[in-house]
Structures are given as C-alpha cells and as structure tokens.
>>> print(open('work33.tsv').read())   # TSV, C-alpha atoms
chain	number	residue	atom	x	y	z
A	1	LEU	CA	-13.11	-2.81	13.12
A	2	LYS	CA	-15.53	0.02	13.87
A	3	LEU	CA	-16.30	-1.78	17.13
A	4	ILE	CA	-12.81	-0.91	18.37
A	5	GLY	CA	-12.51	2.44	16.58
A	6	VAL	CA	-10.05	1.34	13.89
A	7	GLU	CA	-10.21	3.22	10.58
A	8	VAL	CA	-8.41	2.05	7.44
A	9	LEU	CA	-7.60	4.45	4.59
A	10	ALA	CA	-5.80	4.02	1.28
A	11	HIS	CA	-4.74	6.28	-1.58
A	12	THR	CA	-2.50	6.40	-4.64
A	13	VAL	CA	0.85	8.06	-3.95
A	14	GLN	CA	2.59	7.36	-7.25
A	15	ILE	CA	1.77	6.54	-10.85
A	16	GLY	CA	4.70	6.21	-13.22
A	17	GLY	CA	6.98	9.19	-12.65
A	18	VAL	CA	4.34	11.30	-10.88
A	19	ARG	CA	4.52	11.11	-7.10
A	20	VAL	CA	2.86	12.80	-4.13
A	21	GLU	CA	5.59	14.56	-2.18
A	22	GLY	CA	5.34	15.24	1.54
A	23	GLU	CA	2.70	14.21	4.04
A	24	VAL	CA	-0.95	13.85	3.09
A	25	THR	CA	-3.52	14.56	5.80
A	26	TYR	CA	-6.07	11.93	6.74
A	27	ASP	CA	-8.82	14.42	5.90
A	28	ASP	CA	-7.38	14.83	2.40
A	29	ILE	CA	-7.64	11.07	1.93
A	30	ARG	CA	-11.18	10.87	3.30
A	31	ARG	CA	-12.34	13.84	1.25
A	32	ASN	CA	-10.62	13.45	-2.11
A	33	VAL	CA	-9.70	9.85	-2.93
A	34	TYR	CA	-13.03	8.90	-4.51
A	35	THR	CA	-13.49	12.22	-6.33
A	36	ASN	CA	-10.99	11.37	-9.09
A	37	PRO	CA	-10.35	8.27	-11.22
A	38	VAL	CA	-6.78	7.69	-10.00
A	39	ARG	CA	-7.73	7.65	-6.29
A	40	CYS	CA	-5.21	10.33	-5.34
A	41	ALA	CA	-5.76	12.53	-2.27
A	42	ILE	CA	-4.24	15.64	-3.88
A	43	PRO	CA	-6.38	16.95	-6.81
A	44	ASP	CA	-3.53	18.76	-8.60
A	45	ILE	CA	-1.35	15.64	-8.52
A	46	ALA	CA	-4.32	13.53	-9.61
A	47	GLU	CA	-4.49	15.48	-12.88
A	48	LYS	CA	-0.80	14.84	-13.53
A	49	MET	CA	-1.29	11.13	-12.80
A	50	ILE	CA	-4.16	10.98	-15.29
A	51	ASN	CA	-1.95	12.58	-17.95
A	52	GLU	CA	0.83	10.09	-17.14
A	53	ILE	CA	-1.54	7.18	-17.78
A	54	LEU	CA	-2.94	8.72	-20.98
A	55	SER	CA	0.57	9.38	-22.28
A	56	ALA	CA	1.59	5.75	-21.72
A	57	ALA	CA	-1.60	4.46	-23.32
A	58	LYS	CA	-1.08	6.66	-26.37
A	59	GLU	CA	2.32	5.04	-26.85
A	60	GLY	CA	0.88	1.55	-26.47
A	61	ASP	CA	2.57	1.18	-23.10
A	62	SER	CA	1.62	0.98	-19.41
A	63	VAL	CA	2.70	2.34	-16.03
A	64	GLY	CA	2.84	1.03	-12.47
A	65	GLY	CA	2.66	2.86	-9.18
A	66	ILE	CA	2.37	2.81	-5.41
A	67	VAL	CA	-0.63	2.62	-3.08
A	68	GLU	CA	-0.31	3.66	0.56
A	69	ALA	CA	-2.64	2.29	3.23
A	70	ILE	CA	-2.98	3.56	6.79
A	71	ALA	CA	-4.74	2.01	9.77
A	72	LEU	CA	-5.63	4.45	12.56
A	73	ASN	CA	-6.33	3.72	16.22
A	74	VAL	CA	-4.94	0.18	16.08
A	75	PRO	CA	-4.49	-1.05	19.67
A	76	ALA	CA	-0.99	-1.89	20.83
A	77	GLY	CA	-0.17	-5.56	21.26
A	78	LEU	CA	-1.58	-7.16	18.11
A	79	GLY	CA	0.72	-9.73	16.50
A	80	GLU	CA	3.45	-12.12	17.58
A	81	PRO	CA	7.25	-11.60	17.70
A	82	ILE	CA	8.22	-14.62	15.56
A	83	PHE	CA	5.40	-16.68	14.03
A	84	ASP	CA	2.31	-14.67	13.05
A	85	SER	CA	4.20	-11.38	13.06
A	86	LEU	CA	1.68	-8.62	12.25
A	87	ASP	CA	3.75	-7.03	9.49
A	88	ALA	CA	4.60	-10.44	8.02
A	89	ASP	CA	0.91	-11.35	7.84
A	90	ILE	CA	0.05	-7.99	6.27
A	91	ALA	CA	2.83	-8.38	3.71
A	92	LYS	CA	1.73	-11.93	2.89
A	93	MET	CA	-1.83	-10.77	2.32
A	94	LEU	CA	-0.71	-7.88	0.12
A	95	PHE	CA	1.64	-10.02	-1.96
A	96	ASN	CA	-1.36	-12.18	-2.89
A	97	ILE	CA	-2.73	-9.24	-4.88
A	98	PRO	CA	-1.77	-9.74	-8.54
A	99	ALA	CA	0.96	-7.37	-9.84
A	100	VAL	CA	2.34	-6.53	-6.37
A	101	LYS	CA	6.16	-6.54	-6.45
A	102	GLY	CA	7.09	-4.71	-3.25
A	103	VAL	CA	5.81	-3.89	0.24
A	104	GLU	CA	7.34	-1.50	2.79
A	105	PHE	CA	6.31	-0.24	6.23
A	106	GLY	CA	6.96	3.19	7.71
A	107	ALA	CA	10.22	4.62	6.39
A	108	GLY	CA	10.68	1.41	4.41
A	109	PHE	CA	13.91	1.02	2.48
A	110	LYS	CA	15.03	4.49	3.60
A	111	VAL	CA	16.08	2.93	6.92
A	112	ALA	CA	19.01	1.32	5.09
A	113	SER	CA	20.69	4.74	4.85
A	114	MET	CA	19.78	5.86	8.39
A	115	ARG	CA	21.73	5.51	11.60
A	116	GLY	CA	20.13	3.86	14.60
A	117	SER	CA	19.67	7.23	16.27
A	118	GLU	CA	17.67	8.38	13.24
A	119	ALA	CA	15.67	5.21	12.63
A	120	ASN	CA	14.66	4.56	16.24
A	121	ASP	CA	11.19	5.83	17.12
A	122	GLN	CA	11.67	7.59	20.46
A	123	TYR	CA	8.88	7.40	23.01
A	124	ALA	CA	6.98	10.19	24.73
A	125	ILE	CA	3.72	10.75	26.60
A	126	ARG	CA	1.01	12.89	25.00
A	127	ASP	CA	-2.43	13.38	26.54
A	128	GLY	CA	-1.79	10.51	28.93
A	129	LYS	CA	-0.85	8.07	26.16
A	130	VAL	CA	2.48	6.54	25.15
A	131	VAL	CA	3.37	7.62	21.61
A	132	THR	CA	6.45	7.73	19.40
A	133	LEU	CA	7.83	11.04	18.15
A	134	THR	CA	8.38	9.55	14.70
A	135	ASN	CA	6.83	6.56	12.95
A	136	ASN	CA	9.70	5.06	10.98
A	137	SER	CA	8.55	1.58	12.01
A	138	GLY	CA	5.12	2.12	10.48
A	139	GLY	CA	3.26	1.28	13.68
A	140	ILE	CA	4.77	-2.19	14.14
A	141	ILE	CA	7.82	-3.10	16.25
A	142	GLY	CA	9.13	-6.67	16.43
A	143	GLY	CA	6.01	-7.99	14.72
A	144	ILE	CA	3.67	-6.34	17.25
A	145	SER	CA	1.57	-3.18	16.86
A	146	ASN	CA	2.72	-0.29	19.05
A	147	GLY	CA	-0.41	1.87	18.94
A	148	MET	CA	0.84	4.26	16.28
A	149	PRO	CA	-0.77	4.39	12.81
A	150	ILE	CA	0.16	1.38	10.69
A	151	LYS	CA	1.53	2.70	7.39
A	152	VAL	CA	2.30	0.40	4.49
A	153	ARG	CA	3.11	1.13	0.84
A	154	VAL	CA	2.55	-1.35	-1.96
A	155	ALA	CA	4.33	-1.24	-5.33
A	156	PHE	CA	2.49	-2.45	-8.43
A	157	LYS	CA	4.24	-3.33	-11.66
A	158	PRO	CA	3.06	-1.90	-15.00
A	159	THR	CA	0.37	-3.91	-16.76
A	160	PRO	CA	2.21	-6.56	-18.85
A	161	SER	CA	-0.43	-6.63	-21.62
A	162	ILE	CA	0.69	-3.78	-23.90
A	163	SER	CA	0.30	-3.15	-27.62
A	164	LYS	CA	4.00	-2.45	-28.17
A	165	LYS	CA	5.86	-5.27	-29.87
A	166	GLN	CA	7.99	-7.36	-27.54
A	167	ARG	CA	10.31	-10.30	-27.97
A	168	THR	CA	9.25	-13.80	-26.97
A	169	VAL	CA	9.86	-17.43	-27.96
A	170	ASN	CA	7.88	-20.10	-29.79
A	171	LEU	CA	8.30	-23.26	-27.70
A	172	GLU	CA	6.99	-25.57	-30.42
A	173	GLU	CA	9.54	-24.39	-32.96
A	174	MET	CA	12.16	-23.26	-30.39
A	175	SER	CA	12.48	-19.97	-32.21
A	176	GLU	CA	12.48	-16.31	-31.26
A	177	GLU	CA	9.48	-14.23	-32.29
A	178	GLU	CA	7.74	-10.92	-31.66
A	179	ILE	CA	4.40	-10.65	-29.89
A	180	GLN	CA	1.91	-7.81	-29.89
A	181	VAL	CA	-1.10	-7.88	-27.57
A	182	VAL	CA	-4.26	-6.61	-29.24
A	183	GLY	CA	-7.56	-5.57	-27.71
A	184	ARG	CA	-8.41	-3.32	-24.81
A	185	HIS	CA	-6.17	-3.48	-21.75
A	186	ASP	CA	-5.73	-1.20	-18.74
A	187	PRO	CA	-2.65	1.03	-19.11
A	188	CYS	CA	-2.54	1.21	-15.28
A	189	ILE	CA	-4.17	-0.98	-12.64
A	190	VAL	CA	-3.07	1.06	-9.62
A	191	PRO	CA	-6.36	2.99	-9.13
A	192	ARG	CA	-8.31	-0.28	-9.13
A	193	ALA	CA	-6.01	-1.63	-6.43
A	194	VAL	CA	-6.67	1.11	-3.85
A	195	PRO	CA	-9.80	-0.46	-2.28
A	196	VAL	CA	-8.20	-3.91	-2.54
A	197	VAL	CA	-5.14	-2.82	-0.54
A	198	GLU	CA	-7.41	-1.12	1.99
A	199	ALA	CA	-9.48	-4.29	2.39
A	200	CYS	CA	-6.41	-6.53	2.75
A	201	LEU	CA	-5.00	-4.38	5.56
A	202	ALA	CA	-8.38	-4.33	7.29
A	203	PHE	CA	-8.74	-8.13	7.03
A	204	VAL	CA	-5.40	-8.83	8.70
A	205	ILE	CA	-5.93	-6.32	11.51
A	206	ALA	CA	-9.42	-7.72	12.15
A	207	ASP	CA	-8.03	-11.26	12.20
A	208	HIS	CA	-5.36	-10.38	14.75
A	209	ALA	CA	-7.86	-8.40	16.83
A	210	LEU	CA	-10.16	-11.44	16.92
A	211	ARG	CA	-7.29	-13.73	17.91
A	212	ALA	CA	-6.25	-11.36	20.68
A	213	GLY	CA	-9.80	-11.10	22.00
A	214	VAL	CA	-9.94	-7.37	21.28
A	215	ILE	CA	-12.96	-7.98	19.04
A	216	PRO	CA	-15.50	-10.48	20.44
A	217	ARG	CA	-16.01	-13.59	18.30
A	218	VAL	CA	-19.74	-13.42	18.94
A	219	ILE	CA	-21.35	-10.00	18.61
A	220	LYS	CA	-24.67	-9.77	20.44
>>> encode(input="work33.tsv", output="structure tokens")
Amino acid sequence: LKLIGVEVLAHTVQIGGVRVEGEVTYDDIRRNVYTNPVRCAIPDIAEKMINEILSAAKEGDSVGGIVEAIALNVPAGLGEPIFDSLDADIAKMLFNIPAVKGVEFGAGFKVASMRGSEANDQYAIRDGKVVTLTNNSGGIIGGISNGMPIKVRVAFKPTPSISKKQRTVNLEEMSEEEIQVVGRHDPCIVPRAVPVVEACLAFVIADHALRAGVIPRVIK
C-alpha cells in the first residue's frame, strides 16, 4: 500500500463504559497508540480504560469494546457496486475476527436518525481535488471508494471465559447446572485486536487495488 501512498491506522475508541468522545487526530493515533497497553490514542482516556478492565477482572468479569480503523489516501474507484462491494468485503474480513459482533462505516447506525439532507455527503473542490464536506459514508459510496478516508468501527463482545458462575446445561443428564471457568483468561481482548483490525482493512484495500490495477501485480 505504501506504493500508492495509502496509510492504515487503528486505535481503541471504547472499552466497557469508557469511550473516546469527539474526533481524534491522525497524529494522535500515530504518536500514542503503542505507548499504552489499551492502544488508545488519548492518554487520559487510556488510563480510564485500564481501570475499567482492572475493575471487571477484580469482579471475575470481562468487558468488550470498539476498535476504529482508518485508511488514508485510498484512491477513488476501488470496489464494485453489487458483487465485490468494497465495504461488504471489508465487513466480511472483519467479521472473521473472533468476538466481532458489529461493523459500521462512517456515521454508522446514526444515519438511521438522520434526514437525507443530513446524511448526504455534499461535494466540493479543495486544492484541485473533489472532496466531500462530511464523511458520513465512511469513504465508500455504493460499494466503491470515493477518495475520502475509509472509516470503520468494529465492536467486540466481552470475553466469554469469566470466573463468575453462570448457568449452563449438562447434555448427558439433560439437567441444568452452574459452570465456573478457572485459570487465567483475558478480561478484555480489544487491545489485542487493534493490529488485527488494521491488518484486515489493509488486506482488503490491497486486494482491491491489485484487482483494479492500481498496484502492479509484479513489482520490479
């Protein structure tokens, strides 16, 4: 992707009830994500996320969260309108990551409460390039990249292996029982998922760039 100037970034935007509010700059992500164990771009929020995980672990429980990934400088025109839609391929790749339960692009589910005049990304020309004044679509329109940053958020469920007692069934005896998982288990897998989400987004964009001939199949 460096051959065509594409950069892919990812960071944790939510763990449990602790969430990053507002926009995060790309420099914040580049500078801070790998300076803390939760892979958050805002140091103050990172500390709160750490405490959220420790609190859940102390109670024998776990927490989930959200990872956001951004692809910059993606050329317009990648993807297909029906089969091989760019956002569909990205979502499919992301849903293959264990524990992923939701994927949204741009404004995501917020568009359900918007009017068309609010949701539509209006076009303008800046520095000789066609851009959109907002990015509610997350850089993809009708399955095809539009040249704006591709923004996708991925929701991870809490780790199911917890030490709290939970109800289950014994299939041999067809009876109800309680189960308690013992041993060491991650109270949150979200930080581990940040580079995985980043890689998945990069793979799909690279694949579509190869198919479109934007990246040469043979690099000399």
>>> residues_around(input="work33.tsv", residues="Tyr26 in chain A", least_positions_apart="3", cutoff="8 Å", atoms="only C-alpha atoms", output="number ranges by chain")
A: 9, 29-30
>>> closest_residue(input="work33.tsv", among="A:Pro149, A:Gly64, A:Pro191, A:Gly77", to="Phe105 in chain A", atoms="only C-alpha atoms")
A:Pro149
>>> residues_around(input="work33.tsv", residues="Thr159 in chain A", least_positions_apart="5", cutoff="12 Å", atoms="all atoms listed in the file", output="count of residues only")
21
>>> closest_residue(input="work33.tsv", among="A:Phe156, A:Phe83, A:Phe109, A:Tyr123", to="Phe95 in chain A", atoms="only C-alpha atoms")
A:Phe156
>>> atom_distance(input="work33.tsv", atom1="CA of Pro81 in chain A", atom2="CA of Asn146 in chain A")
12.3 Å
>>> closest_atom_pairs(input="work33.tsv", of="range 70-112 of chain A", to="range 198-208 of chain A", cutoff="7 Å", atoms="only C-alpha atoms", output="CSV")
residue,atom,partner,partner_atom,distance
A:Leu78,CA,A:His208,CA,6.0
A:Gly79,CA,A:His208,CA,6.4
A:Asp89,CA,A:Val204,CA,6.8
A:Ile90,CA,A:Val204,CA,6.0
A:Met93,CA,A:Cys200,CA,6.3
A:Leu94,CA,A:Cys200,CA,6.4
>>> atom_distance(input="work33.tsv", atom1="CA of Ser137 in chain A", atom2="CA of Leu3 in chain A")
25.6 Å
>>> closest_residue(input="work33.tsv", among="A:Met148, A:Val111, A:Ala193, A:Leu72", to="Thr132 in chain A", atoms="all atoms listed in the file")
A:Met148
>>> closest_residue(input="work33.tsv", among="A:Pro75, A:Val197, A:Val24, A:Ile50", to="Asn36 in chain A", atoms="only C-alpha atoms")
A:Ile50
>>> atom_distance(input="work33.tsv", atom1="CA of Asn135 in chain A", atom2="CA of Leu1 in chain A")
22.0 Å
>>> build_atoms(input="work33.tsv", residues="range 26-51 of chain A", atoms="N, CA and C atoms", output="PDB file, in the coordinates of the input")
ATOM      1  N   TYR A  26      -5.021  12.951   6.776  1.00  0.00           N
ATOM      2  CA  TYR A  26      -6.070  11.930   6.740  1.00  0.00           C
ATOM      3  C   TYR A  26      -7.360  12.507   6.171  1.00  0.00           C
ATOM      4  N   ASP A  27      -7.623  13.784   6.453  1.00  0.00           N
ATOM      5  CA  ASP A  27      -8.820  14.420   5.900  1.00  0.00           C
ATOM      6  C   ASP A  27      -8.750  14.537   4.387  1.00  0.00           C
ATOM      7  N   ASP A  28      -7.544  14.796   3.855  1.00  0.00           N
ATOM      8  CA  ASP A  28      -7.380  14.830   2.400  1.00  0.00           C
ATOM      9  C   ASP A  28      -7.763  13.489   1.782  1.00  0.00           C
ATOM     10  N   ILE A  29      -7.330  12.408   2.438  1.00  0.00           N
ATOM     11  CA  ILE A  29      -7.640  11.070   1.930  1.00  0.00           C
ATOM     12  C   ILE A  29      -9.140  10.810   1.993  1.00  0.00           C
ATOM     13  N   ARG A  30      -9.740  11.104   3.141  1.00  0.00           N
ATOM     14  CA  ARG A  30     -11.180  10.870   3.300  1.00  0.00           C
ATOM     15  C   ARG A  30     -12.001  11.685   2.297  1.00  0.00           C
ATOM     16  N   ARG A  31     -11.562  12.911   2.058  1.00  0.00           N
ATOM     17  CA  ARG A  31     -12.340  13.840   1.250  1.00  0.00           C
ATOM     18  C   ARG A  31     -12.162  13.659  -0.255  1.00  0.00           C
ATOM     19  N   ASN A  32     -10.938  13.337  -0.688  1.00  0.00           N
ATOM     20  CA  ASN A  32     -10.620  13.450  -2.110  1.00  0.00           C
ATOM     21  C   ASN A  32     -10.421  12.149  -2.890  1.00  0.00           C
ATOM     22  N   VAL A  33     -10.116  11.059  -2.209  1.00  0.00           N
ATOM     23  CA  VAL A  33      -9.700   9.850  -2.930  1.00  0.00           C
ATOM     24  C   VAL A  33     -10.744   9.373  -3.948  1.00  0.00           C
ATOM     25  N   TYR A  34     -12.003   9.413  -3.596  1.00  0.00           N
ATOM     26  CA  TYR A  34     -13.030   8.900  -4.510  1.00  0.00           C
ATOM     27  C   TYR A  34     -13.700  10.009  -5.328  1.00  0.00           C
ATOM     28  N   THR A  35     -13.001  11.142  -5.470  1.00  0.00           N
ATOM     29  CA  THR A  35     -13.490  12.220  -6.330  1.00  0.00           C
ATOM     30  C   THR A  35     -12.747  12.271  -7.657  1.00  0.00           C
ATOM     31  N   ASN A  36     -11.753  11.394  -7.845  1.00  0.00           N
ATOM     32  CA  ASN A  36     -10.990  11.370  -9.090  1.00  0.00           C
ATOM     33  C   ASN A  36     -10.698   9.922  -9.477  1.00  0.00           C
ATOM     34  N   PRO A  37     -10.500   9.659 -10.764  1.00  0.00           N
ATOM     35  CA  PRO A  37     -10.350   8.270 -11.220  1.00  0.00           C
ATOM     36  C   PRO A  37      -9.060   7.572 -10.816  1.00  0.00           C
ATOM     37  N   VAL A  38      -8.046   8.336 -10.377  1.00  0.00           N
ATOM     38  CA  VAL A  38      -6.780   7.690 -10.000  1.00  0.00           C
ATOM     39  C   VAL A  38      -6.669   7.455  -8.499  1.00  0.00           C
ATOM     40  N   ARG A  39      -7.677   7.873  -7.739  1.00  0.00           N
ATOM     41  CA  ARG A  39      -7.730   7.650  -6.290  1.00  0.00           C
ATOM     42  C   ARG A  39      -6.572   8.321  -5.553  1.00  0.00           C
ATOM     43  N   CYS A  40      -6.265   9.548  -5.978  1.00  0.00           N
ATOM     44  CA  CYS A  40      -5.210  10.330  -5.340  1.00  0.00           C
ATOM     45  C   CYS A  40      -5.837  11.360  -4.407  1.00  0.00           C
ATOM     46  N   ALA A  41      -5.202  11.612  -3.266  1.00  0.00           N
ATOM     47  CA  ALA A  41      -5.760  12.530  -2.270  1.00  0.00           C
ATOM     48  C   ALA A  41      -5.489  13.996  -2.581  1.00  0.00           C
ATOM     49  N   ILE A  42      -4.592  14.264  -3.520  1.00  0.00           N
ATOM     50  CA  ILE A  42      -4.240  15.640  -3.880  1.00  0.00           C
ATOM     51  C   ILE A  42      -4.733  15.913  -5.304  1.00  0.00           C
ATOM     52  N   PRO A  43      -5.775  16.738  -5.483  1.00  0.00           N
ATOM     53  CA  PRO A  43      -6.380  16.950  -6.810  1.00  0.00           C
ATOM     54  C   PRO A  43      -5.398  17.387  -7.894  1.00  0.00           C
ATOM     55  N   ASP A  44      -4.483  18.296  -7.581  1.00  0.00           N
ATOM     56  CA  ASP A  44      -3.530  18.760  -8.600  1.00  0.00           C
ATOM     57  C   ASP A  44      -2.634  17.626  -9.078  1.00  0.00           C
ATOM     58  N   ILE A  45      -2.193  16.785  -8.152  1.00  0.00           N
ATOM     59  CA  ILE A  45      -1.350  15.640  -8.520  1.00  0.00           C
ATOM     60  C   ILE A  45      -2.168  14.605  -9.276  1.00  0.00           C
ATOM     61  N   ALA A  46      -3.442  14.486  -8.925  1.00  0.00           N
ATOM     62  CA  ALA A  46      -4.320  13.530  -9.610  1.00  0.00           C
ATOM     63  C   ALA A  46      -4.371  13.828 -11.104  1.00  0.00           C
ATOM     64  N   GLU A  47      -4.451  15.107 -11.462  1.00  0.00           N
ATOM     65  CA  GLU A  47      -4.490  15.480 -12.880  1.00  0.00           C
ATOM     66  C   GLU A  47      -3.208  15.064 -13.595  1.00  0.00           C
ATOM     67  N   LYS A  48      -2.081  15.236 -12.933  1.00  0.00           N
ATOM     68  CA  LYS A  48      -0.800  14.840 -13.530  1.00  0.00           C
ATOM     69  C   LYS A  48      -0.722  13.318 -13.689  1.00  0.00           C
ATOM     70  N   MET A  49      -1.278  12.599 -12.712  1.00  0.00           N
ATOM     71  CA  MET A  49      -1.290  11.130 -12.800  1.00  0.00           C
ATOM     72  C   MET A  49      -2.151  10.666 -13.972  1.00  0.00           C
ATOM     73  N   ILE A  50      -3.287  11.318 -14.164  1.00  0.00           N
ATOM     74  CA  ILE A  50      -4.160  10.980 -15.290  1.00  0.00           C
ATOM     75  C   ILE A  50      -3.423  11.173 -16.606  1.00  0.00           C
ATOM     76  N   ASN A  51      -2.715  12.301 -16.735  1.00  0.00           N
ATOM     77  CA  ASN A  51      -1.950  12.580 -17.950  1.00  0.00           C
ATOM     78  C   ASN A  51      -0.834  11.556 -18.157  1.00  0.00           C
TER      79      ASN A  51
END
